[in-house]
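Okay, structure first, notes after.
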Amino acid sequence: MTENVGPIDASVNPRYSGIATFARLPRIEDVPRADIAVVGIPFDSGVSYRPGTRFGPSHVRESSRLLRPYNPAQDVSPFAIAQVVDAGDIPVNPFDLTEAVSEVERAALALGEQVQRIVTIGGDHTVALPLLRAVAAKHGPVAVLHFDAHLDTWDTYFGAPITHGTPFRRASEEGLIDLTASCHVGTRGPLYSKQDLEDDERLGFSIVSSEYIEEHGVEAGIARIMQRIGDKPLYVSIDIDVLDPAHAPGTGTPEAGGLTSRELLRILRALSSQNIVGADVVEVSPAYDHAQMTGIAASHVVYELVCLLAARVGSDSQ
């Protein structure tokens, strides 16, 4: 077995130089094989408020230049135990949302033939629907752990059934998710009515709200999450607006009272025993970011997800 190709050595090539792949990893075309791919989807045709997340993937990559190859919090060197690559961006139609969704699904299915696991950088949250279609085609209905300020189980916006506020309703209706093991984390803020919560429960989600974590603590939140998701194949979907605007101002629909970046990372690290089959980090809108705060937070979230997946790949190969 050939040795994995890791990031560019920062002691030889300065971090601010060269092509901004994620964590300065090799491109997928530059290695003979790959286990895990980080891929971007520069798309924001499904947003309902601030645009700009089409620039999210490049911003997160640029913000990831300082990441290093050993993660002491997880005690793992992800790039040593798995071949992790940057698979570039999925080109999608910016004028036809329906076609764009189909393009994402086809590209995710094709990439899934090349690698074991995919971590996606969005783009707006619309992309979760085609990504879940691709994952469910391979694994069947999956548990969804959804970090977000919002439920994203609304029905339509302006009559459109597929937007960044509707992906998990459509996924539930299409039978893509496990209705007994899916969970929102970090939700908060006003809703249209109490009916939103009733619909959400019917669609298969329980909720660990931002208020619950504030009142009971992160460990209690983790316990509720783990009890809910069990040992089912798990898809992790992270809207960066789950973080408080103080930690992630660069997003399209910010809500006060969110998680800290430290709390989010702690919860993700608790998933080390889970069979994570895919993940996305979405809704980074660079035009509203300051000093790369949101990009840096998102890049660390992607890194933690890659570490979780790499540890799994490493254990499966032993």
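Note on naming: chains are A, B, ... as they come in the structure tokens, residues start from 1 per chain, ligands start from 1 in the order shown.
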Could the residues of stretch 53-88 of chain A that have an atom at most 12 Å from stretch 224-246 of chain A be listed as CSV, each with its closest atom pair and the distance in Å to one decimal, counting only C-alpha atoms and ordered by chain and ascending residue number?
```
residue,atom,partner,partner_atom,distance
A:Thr53,CA,A:Ile240,CA,11.0
A:Gly56,CA,A:Ile240,CA,10.8
A:Val60,CA,A:Ile240,CA,11.4
```
Shell of 9 Å around stretch 28-33 of chain A, only C-alpha atoms, local chain residues under 5 positions omitted, as a PyMOL selection string: chain A and resi 4-5+83-88+114-115
Nearby residues (only C-alpha atoms) at most 12 Å from A:Pro161, same-chain spacing under 4 positions excluded, as a PyMOL selection string: chain A and resi 46+97-98+126+129+152-157+165-171+173
Selection near stretch 252-266 of chain A, 10 Å with only C-alpha atoms, sequence-local residues under 4 positions removed, as a PyMOL selection string: chain A and resi 44+47-53+73+124+147-150+185-190+209-211+213-214+217-219+222+238+240-248+270-271+283-288+294+297-298+300-301+303-305
Computed interatomic separation between atom CA of A:Leu203 and atom CA of A:Gln116 (Å):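 The value is 28.7 Å.
Distance check against A:Arg24 using only C-alpha atoms: of A:His184, A:Ser299, A:Phe205, A:Asp196, the minimum falls on A:Ser299.
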Backbone DSSP call of strand (DSSP E or B) for stretch 174-253 of chain A, listed as a list of chain:residue names: A:Ile177, A:Ser182, A:Cys183, A:His184, A:Val185, A:Phe205, A:Ser206, A:Ile207, A:Val208, A:Leu234, A:Tyr235, A:Val236, A:Ser237, A:Ile238, A:Asp239, A:Leu243, A:Thr251
For the residues in that selection, give me N, CA, C and O atoms as a PDB file, in the first residue's frame.
```pdb
ATOM      1  N   ILE A 177     -34.302   9.834   5.102  1.00  0.00           N
ATOM      2  CA  ILE A 177     -33.797   9.922   6.470  1.00  0.00           C
ATOM      3  C   ILE A 177     -34.508   8.927   7.389  1.00  0.00           C
ATOM      4  O   ILE A 177     -35.645   8.516   7.135  1.00  0.00           O
ATOM      5  N   SER A 182     -33.172  11.055  13.895  1.00  0.00           N
ATOM      6  CA  SER A 182     -32.649  12.319  13.368  1.00  0.00           C
ATOM      7  C   SER A 182     -32.891  13.448  14.361  1.00  0.00           C
ATOM      8  O   SER A 182     -33.853  13.425  15.128  1.00  0.00           O
ATOM      9  N   CYS A 183     -32.005  14.449  14.306  1.00  0.00           N
ATOM     10  CA  CYS A 183     -32.005  15.449  15.376  1.00  0.00           C
ATOM     11  C   CYS A 183     -31.464  16.783  14.887  1.00  0.00           C
ATOM     12  O   CYS A 183     -30.479  16.829  14.148  1.00  0.00           O
ATOM     13  N   HIS A 184     -32.137  17.853  15.279  1.00  0.00           N
ATOM     14  CA  HIS A 184     -31.601  19.200  15.117  1.00  0.00           C
ATOM     15  C   HIS A 184     -30.823  19.584  16.374  1.00  0.00           C
ATOM     16  O   HIS A 184     -31.218  19.237  17.483  1.00  0.00           O
ATOM     17  N   VAL A 185     -29.747  20.348  16.195  1.00  0.00           N
ATOM     18  CA  VAL A 185     -28.972  20.855  17.325  1.00  0.00           C
ATOM     19  C   VAL A 185     -28.734  22.351  17.135  1.00  0.00           C
ATOM     20  O   VAL A 185     -28.355  22.800  16.052  1.00  0.00           O
ATOM     21  N   PHE A 205     -37.850  14.574  13.303  1.00  0.00           N
ATOM     22  CA  PHE A 205     -36.749  15.200  14.035  1.00  0.00           C
ATOM     23  C   PHE A 205     -37.099  15.428  15.495  1.00  0.00           C
ATOM     24  O   PHE A 205     -38.226  15.786  15.832  1.00  0.00           O
ATOM     25  N   SER A 206     -36.102  15.237  16.354  1.00  0.00           N
ATOM     26  CA  SER A 206     -36.163  15.765  17.714  1.00  0.00           C
ATOM     27  C   SER A 206     -35.228  16.968  17.765  1.00  0.00           C
ATOM     28  O   SER A 206     -34.471  17.214  16.819  1.00  0.00           O
ATOM     29  N   ILE A 207     -35.271  17.722  18.855  1.00  0.00           N
ATOM     30  CA  ILE A 207     -34.538  18.984  18.920  1.00  0.00           C
ATOM     31  C   ILE A 207     -33.729  19.075  20.202  1.00  0.00           C
ATOM     32  O   ILE A 207     -34.252  18.825  21.299  1.00  0.00           O
ATOM     33  N   VAL A 208     -32.457  19.420  20.051  1.00  0.00           N
ATOM     34  CA  VAL A 208     -31.626  19.842  21.177  1.00  0.00           C
ATOM     35  C   VAL A 208     -31.313  21.310  20.908  1.00  0.00           C
ATOM     36  O   VAL A 208     -30.416  21.638  20.137  1.00  0.00           O
ATOM     37  N   LEU A 234     -24.907   7.672   9.837  1.00  0.00           N
ATOM     38  CA  LEU A 234     -25.168   9.061  10.220  1.00  0.00           C
ATOM     39  C   LEU A 234     -24.658  10.038   9.177  1.00  0.00           C
ATOM     40  O   LEU A 234     -23.502   9.956   8.741  1.00  0.00           O
ATOM     41  N   TYR A 235     -25.518  10.977   8.804  1.00  0.00           N
ATOM     42  CA  TYR A 235     -25.117  12.105   7.962  1.00  0.00           C
ATOM     43  C   TYR A 235     -25.146  13.356   8.828  1.00  0.00           C
ATOM     44  O   TYR A 235     -26.141  13.633   9.506  1.00  0.00           O
ATOM     45  N   VAL A 236     -24.049  14.109   8.815  1.00  0.00           N
ATOM     46  CA  VAL A 236     -23.929  15.318   9.629  1.00  0.00           C
ATOM     47  C   VAL A 236     -24.007  16.536   8.716  1.00  0.00           C
ATOM     48  O   VAL A 236     -23.206  16.686   7.786  1.00  0.00           O
ATOM     49  N   SER A 237     -24.962  17.409   8.980  1.00  0.00           N
ATOM     50  CA  SER A 237     -25.152  18.611   8.168  1.00  0.00           C
ATOM     51  C   SER A 237     -25.051  19.834   9.071  1.00  0.00           C
ATOM     52  O   SER A 237     -25.819  19.974  10.026  1.00  0.00           O
ATOM     53  N   ILE A 238     -24.100  20.717   8.764  1.00  0.00           N
ATOM     54  CA  ILE A 238     -23.809  21.837   9.653  1.00  0.00           C
ATOM     55  C   ILE A 238     -23.971  23.166   8.917  1.00  0.00           C
ATOM     56  O   ILE A 238     -23.180  23.503   8.029  1.00  0.00           O
ATOM     57  N   ASP A 239     -25.001  23.884   9.279  1.00  0.00           N
ATOM     58  CA  ASP A 239     -25.151  25.273   8.848  1.00  0.00           C
ATOM     59  C   ASP A 239     -24.326  26.114   9.818  1.00  0.00           C
ATOM     60  O   ASP A 239     -24.534  26.051  11.033  1.00  0.00           O
ATOM     61  N   LEU A 243     -23.695  28.642  14.939  1.00  0.00           N
ATOM     62  CA  LEU A 243     -22.859  29.444  15.821  1.00  0.00           C
ATOM     63  C   LEU A 243     -23.470  30.824  16.015  1.00  0.00           C
ATOM     64  O   LEU A 243     -24.121  31.366  15.116  1.00  0.00           O
ATOM     65  N   THR A 251     -22.676  34.900   7.493  1.00  0.00           N
ATOM     66  CA  THR A 251     -23.691  33.938   7.086  1.00  0.00           C
ATOM     67  C   THR A 251     -24.950  34.674   6.671  1.00  0.00           C
ATOM     68  O   THR A 251     -25.129  35.853   7.003  1.00  0.00           O
TER      69      THR A 251
END
```
Between atom CA of A:Asp96 and atom CA of A:Gly159 - distance in Å to one decimal: 15.4 Å
Shell around stretch 100-105 of chain A at 6 Å using only C-alpha atoms, local window under 5 positions removed, as a PyMOL selection string: chain A and resi 92-93+130-131+134
